[in-house]
Amino acid sequence: MQAASVSLVPDLRQQLAGLSAVELLAAVATQFPGTAVFSTSFGLEDQIITHLIFEHNLPIKVFTLDTARNFQETYSTWNKTLLRYGQAIAPYFPQQASVEQLLLEKGPNSFYENVDNRKECCGIRKVEPLRRALAGQQAWFTGIRAEQSANRHDMHAVEWDAGHQLIKFHPLFDWTFEQCWDFVHAHSIPFNPLHQQGFVSIGCAPCTRAIKAGEDFRAGRWWWEDQSAKECGLHSTHNGPDPVVEPVLAN
Ligand code: SF4
């Protein structure tokens, strides 16, 4: 087994070009046995990847970041996914002491006050748990698609993540939103009902709103902030321009 390194990325881009999503997942899982993981936040794209992994019994660990601030609909989708596939989804929870300290010092909604507070909350509830989830892993799959943000057009389906020291793969990178919906309906995949109420990118409940027709995919995330500050830190460490990101997972 090769160790993940930035030098592998150009070859992997060539090898994996043209593969379907499930072929890409299988090829990467074979190349990085036991060290390939997928992070889900139970959004539309994530549900497709979860479906492919579980239906094809691919040796990829599926995990989620439970920030403890998710929508009830997200927890419900999580539960429906467990019932549908009967396979484990590993939860990563924030460190109790860190959350307690945050709540003690700043209360439950400090993220609305300024960007630093918001990043502090994301750091405690998402970034630190993600670091634990990715420790020792070599390949990380995400549900990112190119059309989700203008910045993402500078990204690739295969990228080096310098912060986590692993290779990041986006199996649905070239999929359109319509393709995702078609696939979900065709395979009766459980999906978050908030998607039918104008929520596109779904993260924590206090920090996500529905978007209006014509708004950017990410407009419903941290809508009170400047566009330039909308970064949760989960995907901020790839080798290229910082994208406006998805809490992947989460969130
Ligand atoms: Fe906290 Fe909001 Fe970030 Fe969730 S999205 S971790 S509630 S600041």
# chains A, B, ... in the order shown; residues from 1 in each chain; ligands from 1
>>> residues_near_ligand(ligand="ligand 1", cutoff="6 Å", atoms="only C-alpha atoms and all ligand atoms", output="PDB file with N, CA and C atoms, in the first residue's frame")
ATOM      1  N   ARG A  69     -25.980  20.621  17.064  1.00  0.00           N
ATOM      2  CA  ARG A  69     -26.820  21.752  16.669  1.00  0.00           C
ATOM      3  C   ARG A  69     -27.515  21.472  15.333  1.00  0.00           C
ATOM      4  N   PHE A 111     -22.112  32.671  17.915  1.00  0.00           N
ATOM      5  CA  PHE A 111     -21.698  32.707  16.500  1.00  0.00           C
ATOM      6  C   PHE A 111     -22.339  33.841  15.713  1.00  0.00           C
ATOM      7  N   ARG A 118     -17.919  32.810  15.528  1.00  0.00           N
ATOM      8  CA  ARG A 118     -18.482  31.757  14.676  1.00  0.00           C
ATOM      9  C   ARG A 118     -17.415  30.706  14.346  1.00  0.00           C
ATOM     10  N   CYS A 121     -16.824  28.475  17.327  1.00  0.00           N
ATOM     11  CA  CYS A 121     -17.844  27.429  17.471  1.00  0.00           C
ATOM     12  C   CYS A 121     -17.624  26.324  16.444  1.00  0.00           C
ATOM     13  N   CYS A 122     -17.385  26.709  15.170  1.00  0.00           N
ATOM     14  CA  CYS A 122     -17.110  25.699  14.137  1.00  0.00           C
ATOM     15  C   CYS A 122     -15.855  24.901  14.495  1.00  0.00           C
ATOM     16  N   ARG A 125     -16.990  22.440  17.286  1.00  0.00           N
ATOM     17  CA  ARG A 125     -18.028  21.460  16.939  1.00  0.00           C
ATOM     18  C   ARG A 125     -17.736  20.685  15.662  1.00  0.00           C
ATOM     19  N   LYS A 126     -16.854  21.236  14.806  1.00  0.00           N
ATOM     20  CA  LYS A 126     -16.613  20.546  13.531  1.00  0.00           C
ATOM     21  C   LYS A 126     -15.138  20.242  13.268  1.00  0.00           C
ATOM     22  N   CYS A 204     -25.646  23.257  10.393  1.00  0.00           N
ATOM     23  CA  CYS A 204     -26.280  23.394  11.703  1.00  0.00           C
ATOM     24  C   CYS A 204     -27.546  24.246  11.583  1.00  0.00           C
ATOM     25  N   PRO A 206     -28.986  26.633  13.506  1.00  0.00           N
ATOM     26  CA  PRO A 206     -28.992  28.086  13.667  1.00  0.00           C
ATOM     27  C   PRO A 206     -28.243  28.822  12.569  1.00  0.00           C
ATOM     28  N   CYS A 207     -27.500  28.107  11.765  1.00  0.00           N
ATOM     29  CA  CYS A 207     -26.610  28.744  10.777  1.00  0.00           C
ATOM     30  C   CYS A 207     -26.989  28.403   9.342  1.00  0.00           C
TER      31      CYS A 207
END
>>> closest_atom_pairs(of="stretch 109-137 of chain A", to="stretch 91-94 of chain A", cutoff="10 Å", atoms="only C-alpha atoms", output="JSON lines")
{"residue": "A:Cys122", "atom": "CA", "partner": "A:Pro94", "partner_atom": "CA", "distance": 9.9}
{"residue": "A:Gly123", "atom": "CA", "partner": "A:Pro94", "partner_atom": "CA", "distance": 9.3}
{"residue": "A:Ile124", "atom": "CA", "partner": "A:Pro94", "partner_atom": "CA", "distance": 6.1}
{"residue": "A:Arg125", "atom": "CA", "partner": "A:Pro94", "partner_atom": "CA", "distance": 4.9}
{"residue": "A:Lys126", "atom": "CA", "partner": "A:Pro94", "partner_atom": "CA", "distance": 7.1}
{"residue": "A:Val127", "atom": "CA", "partner": "A:Pro94", "partner_atom": "CA", "distance": 9.1}
{"residue": "A:Glu128", "atom": "CA", "partner": "A:Pro94", "partner_atom": "CA", "distance": 7.3}
{"residue": "A:Pro129", "atom": "CA", "partner": "A:Tyr92", "partner_atom": "CA", "distance": 5.8}
{"residue": "A:Leu130", "atom": "CA", "partner": "A:Tyr92", "partner_atom": "CA", "distance": 7.5}
{"residue": "A:Arg131", "atom": "CA", "partner": "A:Tyr92", "partner_atom": "CA", "distance": 9.9}
{"residue": "A:Arg132", "atom": "CA", "partner": "A:Tyr92", "partner_atom": "CA", "distance": 8.0}
{"residue": "A:Ala133", "atom": "CA", "partner": "A:Tyr92", "partner_atom": "CA", "distance": 6.9}
>>> closest_residue(among="A:Asp154, A:Glu159, A:Glu73, A:Glu113", to="A:Phe199", atoms="only C-alpha atoms")
A:Glu73
>>> closest_residue(among="A:Asn57, A:Ser188, A:Gln179, A:Gln101", to="A:Arg145", atoms="only C-alpha atoms")
A:Gln179
>>> closest_residue(among="A:Lys168, A:His187, A:His56, A:Lys212", to="A:Val6", atoms="only C-alpha atoms")
A:Lys168
>>> select_by_dssp(residues="stretch 31-243 of chain A", states="helix (DSSP H, G or I)", output="ChimeraX atom specification")
/A:31,44-55,72-85,96-106,110-112,115-134,146-148,150-154,177-186,193-197,205-207,227-229
>>> atom_distance(atom1="atom CA of A:Trp181", atom2="atom CA of A:Phe217")
15.0 Å
>>> select_by_dssp(residues="stretch 74-151 of chain A", states="strand (DSSP E or B)", output="count of residues only")
6
>>> closest_residue(among="A:Ala68, A:Ser5, A:Gln165, A:Gln138", to="A:Pro33", atoms="only C-alpha atoms")
A:Gln138
>>> atom_distance(atom1="atom CA of A:Ala210", atom2="atom CA of A:Phe71")
12.7 Å
>>> closest_residue(among="A:Ala139, A:Leu134, A:Ile49, A:Ile202", to="A:Cys180", atoms="only C-alpha atoms")
A:Ile49
>>> closest_residue(among="A:Phe54, A:Ala26, A:Ala135, A:His164", to="A:Arg84", atoms="only C-alpha atoms")
A:Phe54
